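Have a look at the structure below, then the notes.
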Number of protein chains: 2
Amino acid sequence: MSETVTDRSPKQNSKAIVVFKPSGTVVEVEIGTLLADAATQAGIHVNLPCGGQGRCGRCRVKVEHGAISHRSGVRLSSAERAEGWALACQAVVKGDAVIQVPEQEQVEIEFITKAVGAERIALAAQFDGQIDPSVRRAHVSIEPPSLEDQTTDWDRLLRELSLQHNIEDVTITLPLLRELPRDLRDAEWNVTAILDMGDPVQDPCARPRLIDLLPGDQTDRCYGVAIDIGTTTNMVYLVDLLSGQVLDRASAYNAQISAGEDVISRIIFSQKRDGLRRLQKMVLKTLNALIEDLTTRNQIPTRQVSKAVVTGNTTMIQLFLAVDPRSVREMPFVPTIGQAMPITAEEIGLNINPQATIDCLPVVGAYVGADITAGVLASGMYDTDALTLFIDVGTNGEIVLGNRDWLITCACSAGPAFEGSGVRHGMRATAGAIEEIWIDHRTYEPTYETIGGLPARGICGSGMIGLLAEMFVTGILDKAGKVRRDLATPRVRVGDHGGEYVVVWADQSGIGTDIVINEVDIENLLRTKGAIYAGFSVLVQSVGLELAEVEQVLIAGAFGQYINVEKAIQIGLLPDMPWDRFHYLGNTSVLGAFYSLMSRPLRRTVVDIASKMTYLELSADNTFYDQFMSALFLPHTDITAFPSVMRVIKDTAEGT
Amino acid sequence: MSETVTDRSPKQNSKAIVVFKPSGTVVEVEIGTLLADAATQAGIHVNLPCGGQGRCGRCRVKVEHGAISHRSGVRLSSAERAEGWALACQAVVKGDAVIQVPEQEQVEIEFITKAVGAERIALAAQFDGQIDPSVRRAHVSIEPPSLEDQTTDWDRLLRELSLQHNIEDVTITLPLLRELPRDLRDAEWNVTAILDMGDPVQDPCARPRLIDLLPGDQTDRCYGVAIDIGTTTNMVYLVDLLSGQVLDRASAYNAQISAGEDVISRIIFSQKRDGLRRLQKMVLKTLNALIEDLTTRNQIPTRQVSKAVVTGNTTMIQLFLAVDPRSVREMPFVPTIGQAMPITAEEIGLNINPQATIDCLPVVGAYVGADITAGVLASGMYDTDALTLFIDVGTNGEIVLGNRDWLITCACSAGPAFEGSGVRHGMRATAGAIEEIWIDHRTYEPTYETIGGLPARGICGSGMIGLLAEMFVTGILDKAGKVRRDLATPRVRVGDHGGEYVVVWADQSGIGTDIVINEVDIENLLRTKGAIYAGFSVLVQSVGLELAEVEQVLIAGAFGQYINVEKAIQIGLLPDMPWDRFHYLGNTSVLGAFYSLMSRPLRRTVVDIASKMTYLELSADNTFYDQFMSALFLPHTDITAFPSVMRVIKDTAEGT
């Protein structure tokens with residue numbers, strides 16, 4: 001069947017016809033085309049969670065007829081191959097074929113603000129500093145040209161901006177120059193100039209740039225957007241630049257998820273033919289949908305949105321700009337640019353005013369991006385005397401240590417286990433996810449809560465932290481993360497992936513099967529938490545300090561909002577210190593973008609932060625590996641570093 | 001037939017099928033589409049010399065079948081209409097139709113440098129000033145990134161440009177940033193940076209901009225182009241920026257000619273739907289063909305062409321930028337911008353290095369363009385004590401008067417008569433054109449020379465000046481430009497347009513019919529020469545001087561090369577002064593662009609020239625009309641201003 005490379009087509013040419021079912025879409029492709037590319041060409045969506053590496057096995061399709069060869073089939077058994085299964089990302093068209101595409105796992109781009117859990121988002125809605133955005137509006141009434149004064153349109157406008165507002169040396173882009181004669185005449189020479197003034201303090205040579213000309217006096221409104229491009233979630237704030245009010249916010253899953261769930265998968269995808277442009281299009285689709293949603297429901301024309309400040313990790317920024325991120329992944333891990341030049345919305349295709357400046361915040365290294373420089377700004381740690389540990393708990397686990405005098409940072413490749421990847425019943429924090437859990441230490445029966453109170457569909461990050469902690473504290477798990485198989489409960493059993501614990505029986509679950517956690521899942525989770533803990537251990541050591549000397553731990557990231565500190569300490573994800581030293585900050589990345597949008601002095605501070613940060617490359621640091629190995633246990637090889645956990649275990653064992 | 005608006009099609013929809021013969025091309029268009037637009041849609045070329053105004057009647061087509069309505073038919077007799085003739089620019093599709101398109105007059109885009117007359121072009125081929133272009137090449141050898149030094153690609157390049165060349169604050173555009181990681185690695189970190197340094201003297205805030213990164217050391221080559229966009233002819237110089245040598249030059253007719261022969265017709269065409277973009281595409285097609293030709297025959301990749309300086313009249317510059325020139329035509333005649341911002345080749349679509357700067361020279365007014373600021377630079381009149389009259393004899397007849405201390409300018413709407421338009425047997429200076437002529441004052445028999453020595457096809461500008469002068473001096477014409485009808489020669493007769501003189505009999509002509517000049521032709525020519533003479537009369541008067549005080553007259557324009565000064569004085573086109581005060585400069589426009597390309601100080605001088613020039617608007621000047629009316633005679637109402645002409649007439653009459 002599928003694995004035989006037999007071209008049954010009598011045609012001599014190099015093309016093949018591929019039929020995709022159930023839609024029946026027919027496409028003609030070159031022999032040698034990847035099935036995934038043929039599907040794209042046919043407009044058929046096939047998820048590639050690992051970015052097309054053939055590792056995750058989630059892009060499987062069934063070859064009903066025809067000639068297909070397999071590049072790699074590690075995720076397929078020979079029985080499955082015999083049945084005709086193939087991985088779309090590894091199967092090559094060798095002749096005419098009929099392909100059955102199973103129903104795809106929905107790539108959810110539902111708007112989180114409209115979905116369950118919306119009330120959890122509670123970030124600053126009002127800028128409380130000195131309002132000083134780079135965007136300025138100036139109303140000018142201009143004497144029309146006459147035979148006595150034939151000054152050109154542009155010089156005429158410049159003259160009045162100078163006379164009426166002391167604004168000098170304005171520049172204009174070609175697209176706007178093309179509108180100039182009509183804009184001035186349609187408005188009868190009575191216009192509001194929207195200008196991006198740049199920051200003359202930062203750059204004495206900054207020249208104001210015309211962004212738009214609007215008819216009449218429109219100085220009473222002025223809008224911008226702050227954008228955080230997360231690997232998983234994109235967030236947009238619609239901001240009133242005059243008042244500093246966040247008028248509205250919206251977030252959605254990054255459409256790039258269909259091309260890979262983590263940064264590395266995306267970079268791999270970007271190396272495919274046209275992959276970089278496709279990834280850029282995907283994230284723009286998401287961002288433009290969010291902007292469309294925000295402007296529509298607030299009745300603001302997109303043309304009135306005059307600036308965007310963008311943040312995100314280094315790869316997300318490079319993909320947004322369509323700058324090849326390959327060197328971010330390859331040794332020695334170097335980004336293409338630290339502080340990208342300001343560009344116009346038109347150059348990228350972001351649907352705000354075409355001439356609006358898009359200002360990407362600076363990145364520090366391949367794995368310490370603009371989300372972290374923005375986060376340090378929003379956290380205020382750059383302006384405190386207290387020794388502060390800032391941690392953004394995401395796929396990468398970026399950590400910053402320091403205070404007003406110095407900052408050191410690293411990224412610890414935590415992996416996406418807490419976001420549900422690599423964990424059989426892991427899922428993102430959406431409806432039906434188990435987010436809190438308790439286990440009875442005598443009966444081993446669990447009690448849990450799901451998001452939205454719906455029947456459980458899986459376990460999200462906070463649920464996994466709670467589950468691990470409870471299993472450890474109640475003795476279901478040993479220090480090494482192995483399931484004890486001698487317990488008197490049917491919930492503990494041995495499955496395909498070693499020992500496992502049944503969290504939800506099939507008849508109570510929302511997916512019709514048992515929801516379990518197994519030893520392979522746990523191993524993945526321990527690697528993630530171990531990497532994070534090793535990260536801040538190494539960081540603290542590298543400056544000759546001890547973890548105990550850290551005066552405050554600031555936890556950022558959308559994920560961070562849901563962490564139960566007690567449980568996180570119990571599994572050794574966070575260091576064992578008084579709980580009042582931990583603070584949740586939420587999405588500091590978008591907050592930093594918002595501050596930078598509202599205030600040129602704070603935007604300068606981001607530049608200072610980025611230049612001040614020392615980047616510690618962990619892959620060049622031998623002590624990281626040692627620390628990582630020690631942190632692969634529950635809570636840690638050195639249990640004395642976790643006195644509160646020792647106490648809880650003792651108490652639990654004694655049944656108090 | 002064609003004029004009846006009868007839709008014989010049984011279809012109810014709003015579309016119609018139009019068949020163009022002889023090609024048989026079929027196109028479906030909306031009812032109400034202009035026939036000219038339908039032809040464009042079908043890829044059929046129909047000339048619109050007057051820009052689609054319905055005035056010239058040269059876009060006629062024959063309606064064989066079908067429903068067509070006429071917007072205007074002033075150029076069609078009712079007999080012609082009855083035969084089915086229609087003007088493509090005035091005929092509206094009302095239903096299915098079959099259209100016969102006559103063979104179009106060839107829009108010649110032959111390369112003049114390859115054609116007859118090439119040897120006449122003899123402009124400076126070597127820049128003899130201080131070589132100081134804005135483009136600079138810097139070779140840098142860069143330490144590759146390592147785990148010890150993870151500096152970003154861009155900062156790494158910046159660091160070496162600073163250390164090795166003292167070049168600071170370089171900027172980069174997004175398209176080039178996208179190439180950066182690959183360019184650096186493919187070249188193994190050994191690259192030549194091509195930079196546009198701007199002009200820090202002119203603008204202390206000018207920042208160098210990266211144009212390209214080439215592998216290895218390529219500092220030994222550096223090219224640019226100087227471009228003159230004439231209404232009729234486009235000229236490109238390929239320049240070695242290191243040596244100042246003009247390596248090659250090429251010129252061709254501006255493809256916009258098919259959309260109108262003069263500036264006004266082009267502006268009218270630009271107001272059609274998509275007209276502006278179509279005109280821009282046409283001129284780019286011509287320029288890119290010239291650049292392709294130059295770079296191919298000199299074996300220089302277009303990517304190596306790092307800068308373009310562009311000049312042309314105000315409308316040509318605006319059309320090149322696709323900036324609507326409507327206000328140039330409408331009272332009070334105002335251009336959109338004086339000094340356009342530098343743009344990149346990519347923004348426009350000029351096929352040199354995509355990031356190369358395109359620098360358009362400044363314009364002074366609606367009818368005194370960059371060709372004149374460039375011309376004043378090239379002429380050197382801005383740097384002389386002598387009272388100088390500079391005249392660019394083209395469609396508009398721009399005139400500049402002054403010296404190193406002051407400059408005053410005007411444009412006198414001369415019209416394109418000397419370029420062959422509005423003169424029955426007028427033609428441009430190509431093969432077969434009569435360029436010199438003498439008439440025997442006794443027999444009235446002519447002797448003439450044609451370009452290329454071919455049978456005469458028509459009369460070009462210099463031929464028309466000579467013909468008018470000879471007819472006047474020999475008494476065939478009276479002072480008012482009327483043909484004397486009492487002469488004993490069959491060459492003088494009365495035709496459809498009054499009295500006429502047969503220059504070439506049908507059996508000797510290259511077109512099978514008599515080549516004549518008639519009183520309507522002569523009236524048009526007198527208007528043109530009258531406007532030019534009135535122009536410099538008013539200009540000289542406006543500063544309280546007399547024509548006799550002018551110390552030198554510099555004649556520019558491709559046309560200017562062929563003027564016989566004696567004849568031009570005889571018809572009153574040029575003032576009567578000693579012949580040694582007249583100097584031919586040739587195409588000063590492209591020369592000024594070339595100088596500006598080679599030297600930043602000279603480029604600054606162009607800015608000084610433009611800001612120093614006082615623009616005299618003749619349409620606001622009552623004395624111009626009076627002067628014009630006086631100049632409509634041969635040589636002038638005031639014959640005493642032309643003593644040399646009086647002498648010649650007397651001598652001729654006496655038969656010496």
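Naming scheme: A, B, ... for chains in displayed order of the structure tokens; residues 1 onward per chain; ligands 1 onward as shown.
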
Exercise. Any idea what's packed within 12 Å of Leu163 in chain B, counting only C-alpha atoms, ignoring anything in its chain fewer than 4 positions away? Could you give it as a PyMOL selection string?
Worked result: chain B and resi 138-142+156-159+167-168

Enumerate, in order of chain and increasing residue number, the residues of chain A with an atom no farther than 9 Å from chain B, each with its shortest atom pair and distance in Å to one decimal, counting only C-alpha atoms, as a tab-separated table.
```
residue	atom	partner	partner_atom	distance
A:Pro145	CA	B:Pro332	CA	6.6
A:Ser146	CA	B:Pro332	CA	5.2
A:Leu147	CA	B:Pro332	CA	5.1
A:Glu148	CA	B:Ala620	CA	8.2
A:Asp149	CA	B:Pro332	CA	8.6
A:Gln150	CA	B:Val334	CA	5.5
A:Thr151	CA	B:Val334	CA	6.8
A:Thr152	CA	B:Pro335	CA	5.1
A:Asp153	CA	B:Thr336	CA	4.8
A:Trp154	CA	B:Ile337	CA	5.2
A:Asp155	CA	B:Ile337	CA	6.8
A:Thr171	CA	B:Met341	CA	7.5
A:Ile172	CA	B:Met341	CA	7.3
A:Thr173	CA	B:Met341	CA	7.5
A:Leu174	CA	B:Ile343	CA	7.6
A:Pro175	CA	B:Val323	CA	8.7
A:Leu177	CA	B:Val323	CA	6.9
A:Arg178	CA	B:Val323	CA	4.6
A:Glu179	CA	B:Val323	CA	7.8
A:Leu180	CA	B:Thr336	CA	7.4
A:Pro181	CA	B:Thr336	CA	6.3
A:Arg182	CA	B:Asp324	CA	8.5
A:Pro204	CA	B:Cys205	CA	8.2
A:Cys205	CA	B:Cys205	CA	5.1
A:Ala206	CA	B:Cys205	CA	8.2
A:Leu321	CA	B:Leu174	CA	7.7
A:Ala322	CA	B:Arg178	CA	6.8
A:Val323	CA	B:Arg178	CA	4.6
A:Asp324	CA	B:Arg178	CA	6.6
A:Pro325	CA	B:Pro181	CA	8.7
A:Arg326	CA	B:Pro181	CA	8.5
A:Ser327	CA	B:Pro181	CA	7.5
A:Met331	CA	B:Leu147	CA	7.6
A:Pro332	CA	B:Leu147	CA	5.1
A:Phe333	CA	B:Gln150	CA	7.0
A:Val334	CA	B:Gln150	CA	5.5
A:Pro335	CA	B:Thr152	CA	5.1
A:Thr336	CA	B:Asp153	CA	4.8
A:Ile337	CA	B:Trp154	CA	5.2
A:Gly338	CA	B:Thr152	CA	6.3
A:Ala340	CA	B:Leu174	CA	8.7
A:Met341	CA	B:Ile172	CA	7.2
A:Ile343	CA	B:Leu174	CA	7.6
A:Glu347	CA	B:Leu174	CA	8.2
A:Val364	CA	B:Thr152	CA	8.8
A:Gly365	CA	B:Gln150	CA	7.4
A:Ala366	CA	B:Gln150	CA	8.6
A:Tyr615	CA	B:Gln150	CA	8.9
A:Glu617	CA	B:Leu147	CA	7.1
A:Ser619	CA	B:Leu147	CA	8.4
A:Ala620	CA	B:Leu147	CA	6.5
```

Exercise. From the list A:Val543, A:Leu210, A:Met282, A:Ile439, which residue is nearest Pro354 in chain A when using only C-alpha atoms?
Worked result: A:Leu210

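Surrounding range 625-633 of chain B within 7 Å are B:Lys479, B:Ala480, B:Gly481, B:Leu526, B:Arg527, B:Gly530, B:Ala531, B:Tyr533, B:Ala534, with only C-alpha atoms counted and residues fewer than 5 positions along the same chain left out.
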
Take the selection from the previous step and output its residues with all heavy atoms, as a short mmCIF file (atom, residue, chain, number, x, y, z; two decimals), in the first residue's frame.
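And here is the file that came out, part.cif:
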```cif
data_model
loop_
_atom_site.label_atom_id
_atom_site.label_comp_id
_atom_site.auth_asym_id
_atom_site.auth_seq_id
_atom_site.Cartn_x
_atom_site.Cartn_y
_atom_site.Cartn_z
N LYS B 479 5.22 89.29 -42.92
CA LYS B 479 5.49 89.47 -41.50
C LYS B 479 4.49 88.75 -40.61
O LYS B 479 4.81 88.29 -39.52
CB LYS B 479 5.45 90.98 -41.15
CG LYS B 479 6.69 91.73 -41.52
CD LYS B 479 6.60 93.19 -41.06
CE LYS B 479 6.40 93.30 -39.56
NZ LYS B 479 6.45 94.71 -39.10
N ALA B 480 3.24 88.66 -41.10
CA ALA B 480 2.18 88.07 -40.29
C ALA B 480 2.16 86.55 -40.41
O ALA B 480 1.31 85.89 -39.83
CB ALA B 480 0.82 88.64 -40.70
N GLY B 481 3.09 86.00 -41.24
CA GLY B 481 3.13 84.54 -41.37
C GLY B 481 2.16 84.03 -42.41
O GLY B 481 1.86 82.84 -42.45
N LEU B 526 4.57 80.09 -34.90
CA LEU B 526 4.76 81.47 -34.45
C LEU B 526 4.35 81.63 -32.98
O LEU B 526 4.98 82.37 -32.22
CB LEU B 526 3.95 82.44 -35.33
CG LEU B 526 4.45 82.60 -36.78
CD1 LEU B 526 3.68 83.73 -37.49
CD2 LEU B 526 5.95 82.88 -36.83
N ARG B 527 3.30 80.90 -32.59
CA ARG B 527 2.89 80.96 -31.18
C ARG B 527 4.00 80.45 -30.27
O ARG B 527 4.28 81.01 -29.22
CB ARG B 527 1.64 80.10 -30.94
CG ARG B 527 0.39 80.72 -31.50
CD ARG B 527 -0.82 79.81 -31.26
NE ARG B 527 -2.00 80.54 -31.67
CZ ARG B 527 -2.63 81.43 -30.90
NH1 ARG B 527 -2.20 81.65 -29.67
NH2 ARG B 527 -3.67 82.09 -31.36
N GLY B 530 6.95 82.85 -30.39
CA GLY B 530 6.51 84.09 -29.75
C GLY B 530 6.50 83.97 -28.24
O GLY B 530 6.89 84.88 -27.50
N ALA B 531 6.04 82.80 -27.74
CA ALA B 531 5.99 82.59 -26.30
C ALA B 531 7.39 82.60 -25.70
O ALA B 531 7.62 83.18 -24.64
CB ALA B 531 5.29 81.26 -25.98
N TYR B 533 10.15 84.03 -26.96
CA TYR B 533 10.74 85.37 -27.02
C TYR B 533 10.09 86.29 -25.97
O TYR B 533 10.77 87.05 -25.29
CB TYR B 533 10.57 85.96 -28.42
CG TYR B 533 11.37 87.23 -28.62
CD1 TYR B 533 12.71 87.16 -28.97
CD2 TYR B 533 10.79 88.48 -28.42
CE1 TYR B 533 13.46 88.32 -29.13
CE2 TYR B 533 11.52 89.64 -28.56
CZ TYR B 533 12.86 89.56 -28.92
OH TYR B 533 13.60 90.71 -29.06
N ALA B 534 8.77 86.18 -25.85
CA ALA B 534 8.06 86.98 -24.84
C ALA B 534 8.57 86.62 -23.45
O ALA B 534 8.73 87.48 -22.59
CB ALA B 534 6.56 86.73 -24.94
#
```

For this session: Considering only C-alpha atoms, state which residue in the set B:Val516, B:Ile68, B:Val101, B:Asn587 is at the smallest distance from Ile229 in chain B.
Result: B:Asn587
